[in-house]
Every structure is written in C-alpha cells, then in structure tokens.
Amino acid sequence: MYIKASYVKPRTLDEAMVFLAAGEAQILSGGTDFYPALGDRVVDGPVVDVSGLVELRGVSSDAGYFRIGGLTTWSEIRRTPLPRCFDALKSAAREVGGVQIQNRGTVAGNLCNASPAADGVPPLLALDAEVELVSKVGLRRMQLADFIVGSRKTQRKADELLAAVLVPRALENASSMFVKLGARRYLVISISMVAVVMQVRDGRVLQARVAVGSCSAVARRLRALEAELDGVSVPDGLREVVRPEHLAPLSPIDDVRATAEYRMDASLRLVQRALNSCVENG
C-alpha cells in the first residue's frame, strides 16, 4: 500500500507558515504526544517539524505580559527565573512525565494535545493566560479558557501554529500553588489537580483564581468560589469558605483511576489545601 507522506523542517517561522498554509500537515515539536498517539500506525500525510524554530523558545516580558514561546520546554520553564505567580506552573512542569519528557515536551504541545489531564493547563488558566496563534494570513489571540473546547479538541485551525502563551502581569507578585493527586507520586495521570493564584493585602484576599483539571473534559476555573473569596479575611482561614457547590462546573467520570464521587471529594480537599498553602506562603 502506498502512503502519501512528506517531512519538512522549516528554518524560520515564515517558512513554517508557508508549509502549513494548505492546512493538511501535522505539526511535530517535542514529539512526546505525537509518536505515542500513532500507536502501531505509520505517519500518514505531511509533517512539519517546527522544533528548529528558535524564535519560539524561551520566556520574555514587556510592560504588560510575560511571553512564553510555544516551543519552550517544561525543563526550561523550571529553570527560568520567574515571579511567584509562576510557582504553580513550575510545580506542574515537574509533573509532566519524567525528566526526558520535560526536556523534550513543549508548552504548545501540551495545550494543543488538549488532554483533560494536561498538567500545564490549570496553572495557566489560573494565570489568565492567552494563546497567540499565527498563520500565513495573520495572527490572532484568545483566552486559553476559550482555546481548549473539549478532550483533544482546540480552536486551532489547520493552518495555524500556537506561537506563544501570554500571561498578564497583573498578579505577578501573588502566591501560587499546584497540587496533584494520583495513584503514585511520579509519572502518573492525575485523578485531580488544582492550581491557585492568590493575592493578599492587609490580611484579606484581594483576588483569587482557582482551576481544577482531570475532573471534566476541559480544566475549569471555579469562578463562583473566586468571587466568594474576594475580601475574605485570611486569619479566619479559607478552608471553611470552600463548599461542594463551588465544584459545580466540574463533571468527573468513573474510570480505572477513580470514581466520579471520589474525584469530587478529592478536588474539594485539594482546593482547600492549595488555598491554605498560598496563605502560608503568603
């Protein structure tokens, strides 16, 4: 059987846009999701390997945003000096597979793969991150919360490349925390995971953002809880503020890792733990 396939490795972003313009190519970056997804199959169709686009690597900043290049690896995230609000993202980076995966896997790949259990998504949601998508016809930006629309589904068009993740500087001095529950400590798909970014001033919560992953097809912000936390006195403790009804946006399933009921109970406790840890690290 003849299989039509081709492989190209562009040297510049403009060159990559030309190859992607037809909307028929698969994008290869770190390959940590690309190759396992093939299983026993061979590659069918053109592949554009963007791993050589150095302009899409690293973290930079300007007056309004931190910019994380789409090809930045999780090891690079861990090593880069960043404000406290990124502590949750750095903790998540340590959970993305083993060290070899962290050295190869990219931020853009983690988001575009759109697994419900993607470790990088809850911390970036809690940071109000946006994604920057580029194509031959131009550039567009959208909230990460709007970009991932389902399990393995995103708003990326076939001719687009996720070039960068943009994080507003609004809460760069806020504390943050990422907690994850799995069947073992490392190299595990999570049962539930929670990311919190919280800013406290004069003993009260100024702003809080809470995101939960692995408990619905898409990681969710708990916006009702965020609103209720606004102005809460920190010395009074935050554990009692969190109630089961705050988890209403979640829709966990029963699977081999846990039941839906267990996931909801675990998520409640992880949210409480993450909030209190932010206070303690305040």
# chains A, B, ... in the order shown; residues from 1 in each chain; ligands from 1
>>> select_by_dssp(residues="region 37-130 of chain A", states="strand (DSSP E)", output="list in words")
Gly45, Pro46, Val47, Val48, Asp49, Val59, Ser60, Ser61, Tyr65, Phe66, Arg67, Ile68, Gly69 and Glu130 of chain A
>>> select_by_dssp(residues="region 78-213 of chain A", states="alpha helix (DSSP H)", output="VMD selection string")
chain A and resid 78 to 79 87 to 93 99 to 104 107 to 113 121 to 126 144 to 147
>>> residues_around(residues="Arg201 (chain A)", least_positions_apart="4", cutoff="12 Å", atoms="only C-alpha atoms", output="list in words")
Asn173, Ala174, Ser175, Val205, Leu206, Gln207, Ala208, Asp230, Gly231, Val232, Ser233, Val234, Pro235, Val279 and Gly282 of chain A
>>> write_last_selection(atoms="C-alpha atoms", output="mmCIF file, in the first residue's frame")
data_model
loop_
_atom_site.group_PDB
_atom_site.id
_atom_site.type_symbol
_atom_site.label_atom_id
_atom_site.label_comp_id
_atom_site.auth_asym_id
_atom_site.auth_seq_id
_atom_site.Cartn_x
_atom_site.Cartn_y
_atom_site.Cartn_z
ATOM 1 C CA ASN A 173 3.640 39.109 42.991
ATOM 2 C CA ALA A 174 0.779 36.820 44.016
ATOM 3 C CA SER A 175 1.465 33.470 45.645
ATOM 4 C CA VAL A 205 -7.874 38.195 49.823
ATOM 5 C CA LEU A 206 -7.518 40.809 47.110
ATOM 6 C CA GLN A 207 -8.004 38.349 44.251
ATOM 7 C CA ALA A 208 -8.009 34.574 43.860
ATOM 8 C CA ASP A 230 -12.829 38.255 47.351
ATOM 9 C CA GLY A 231 -12.265 40.203 50.555
ATOM 10 C CA VAL A 232 -12.233 37.170 52.870
ATOM 11 C CA SER A 233 -10.128 37.611 55.997
ATOM 12 C CA VAL A 234 -7.068 35.384 55.788
ATOM 13 C CA PRO A 235 -6.579 34.950 59.563
ATOM 14 C CA VAL A 279 -1.820 31.801 52.668
ATOM 15 C CA GLY A 282 1.884 34.492 51.530
#
>>> atom_distance(atom1="CA of Ala108 (chain A)", atom2="CA of Gly70 (chain A)")
4.5 Å
>>> closest_residue(among="A:Arg41, A:Arg140, A:Arg84, A:Lys157", to="Ala25 (chain A)", atoms="only C-alpha atoms")
A:Lys157
>>> residues_around(residues="Ala145 (chain A)", least_positions_apart="4", cutoff="9 Å", atoms="only C-alpha atoms", output="list in words")
Leu125, Asp128, Ala129, Glu130, Val149, Val218, Ala219, Arg220 and Arg221 of chain A
>>> write_last_selection(atoms="C-alpha atoms", output="CSV table (one decimal), in the first residue's frame")
chain,number,residue,atom,x,y,z
A,125,LEU,CA,-5.8,29.0,33.4
A,128,ASP,CA,-5.5,34.2,32.9
A,129,ALA,CA,-3.2,33.1,30.1
A,130,GLU,CA,-3.9,33.8,26.4
A,149,VAL,CA,-13.0,23.3,23.9
A,218,VAL,CA,-11.7,20.6,30.0
A,219,ALA,CA,-10.0,22.1,33.0
A,220,ARG,CA,-12.3,24.6,34.7
A,221,ARG,CA,-12.0,27.8,36.7
>>> residues_around(residues="Gly30 (chain A)", least_positions_apart="6", cutoff="6 Å", atoms="only C-alpha atoms", output="PyMOL selection string")
chain A and resi 104-106
>>> closest_residue(among="A:Leu161, A:Arg152, A:Leu144, A:Asn110", to="Asp49 (chain A)", atoms="only C-alpha atoms")
A:Leu161
>>> residues_around(residues="Glu132 (chain A)", least_positions_apart="6", cutoff="6 Å", atoms="only C-alpha atoms", output="mmCIF file with N, CA and C atoms, in the first residue's frame")
data_model
loop_
_atom_site.group_PDB
_atom_site.id
_atom_site.type_symbol
_atom_site.label_atom_id
_atom_site.label_comp_id
_atom_site.auth_asym_id
_atom_site.auth_seq_id
_atom_site.Cartn_x
_atom_site.Cartn_y
_atom_site.Cartn_z
ATOM 1 N N ARG A 140 -3.809 35.835 15.590
ATOM 2 C CA ARG A 140 -4.973 36.056 16.454
ATOM 3 C C ARG A 140 -4.675 35.555 17.859
ATOM 4 N N ARG A 141 -5.342 36.180 18.833
ATOM 5 C CA ARG A 141 -5.161 35.823 20.232
ATOM 6 C C ARG A 141 -6.509 35.500 20.850
ATOM 7 N N LEU A 162 0.519 27.395 17.277
ATOM 8 C CA LEU A 162 0.472 28.097 18.560
ATOM 9 C C LEU A 162 1.878 28.616 18.846
ATOM 10 N N ALA A 163 2.054 29.916 18.656
ATOM 11 C CA ALA A 163 3.392 30.510 18.724
ATOM 12 C C ALA A 163 3.807 30.893 20.130
ATOM 13 N N ALA A 164 2.842 31.264 20.978
ATOM 14 C CA ALA A 164 3.203 31.752 22.307
ATOM 15 C C ALA A 164 2.017 31.684 23.250
#
>>> residues_around(residues="Cys215 (chain A)", least_positions_apart="3", cutoff="12 Å", atoms="only C-alpha atoms", output="ChimeraX atom specification")
/A:115-118,122,151,180-181,189-194,211-212,218-221,247-255,257-268
>>> closest_residue(among="A:Ser6, A:Gln100, A:Ser75, A:Ser135", to="Gly58 (chain A)", atoms="only C-alpha atoms")
A:Ser75
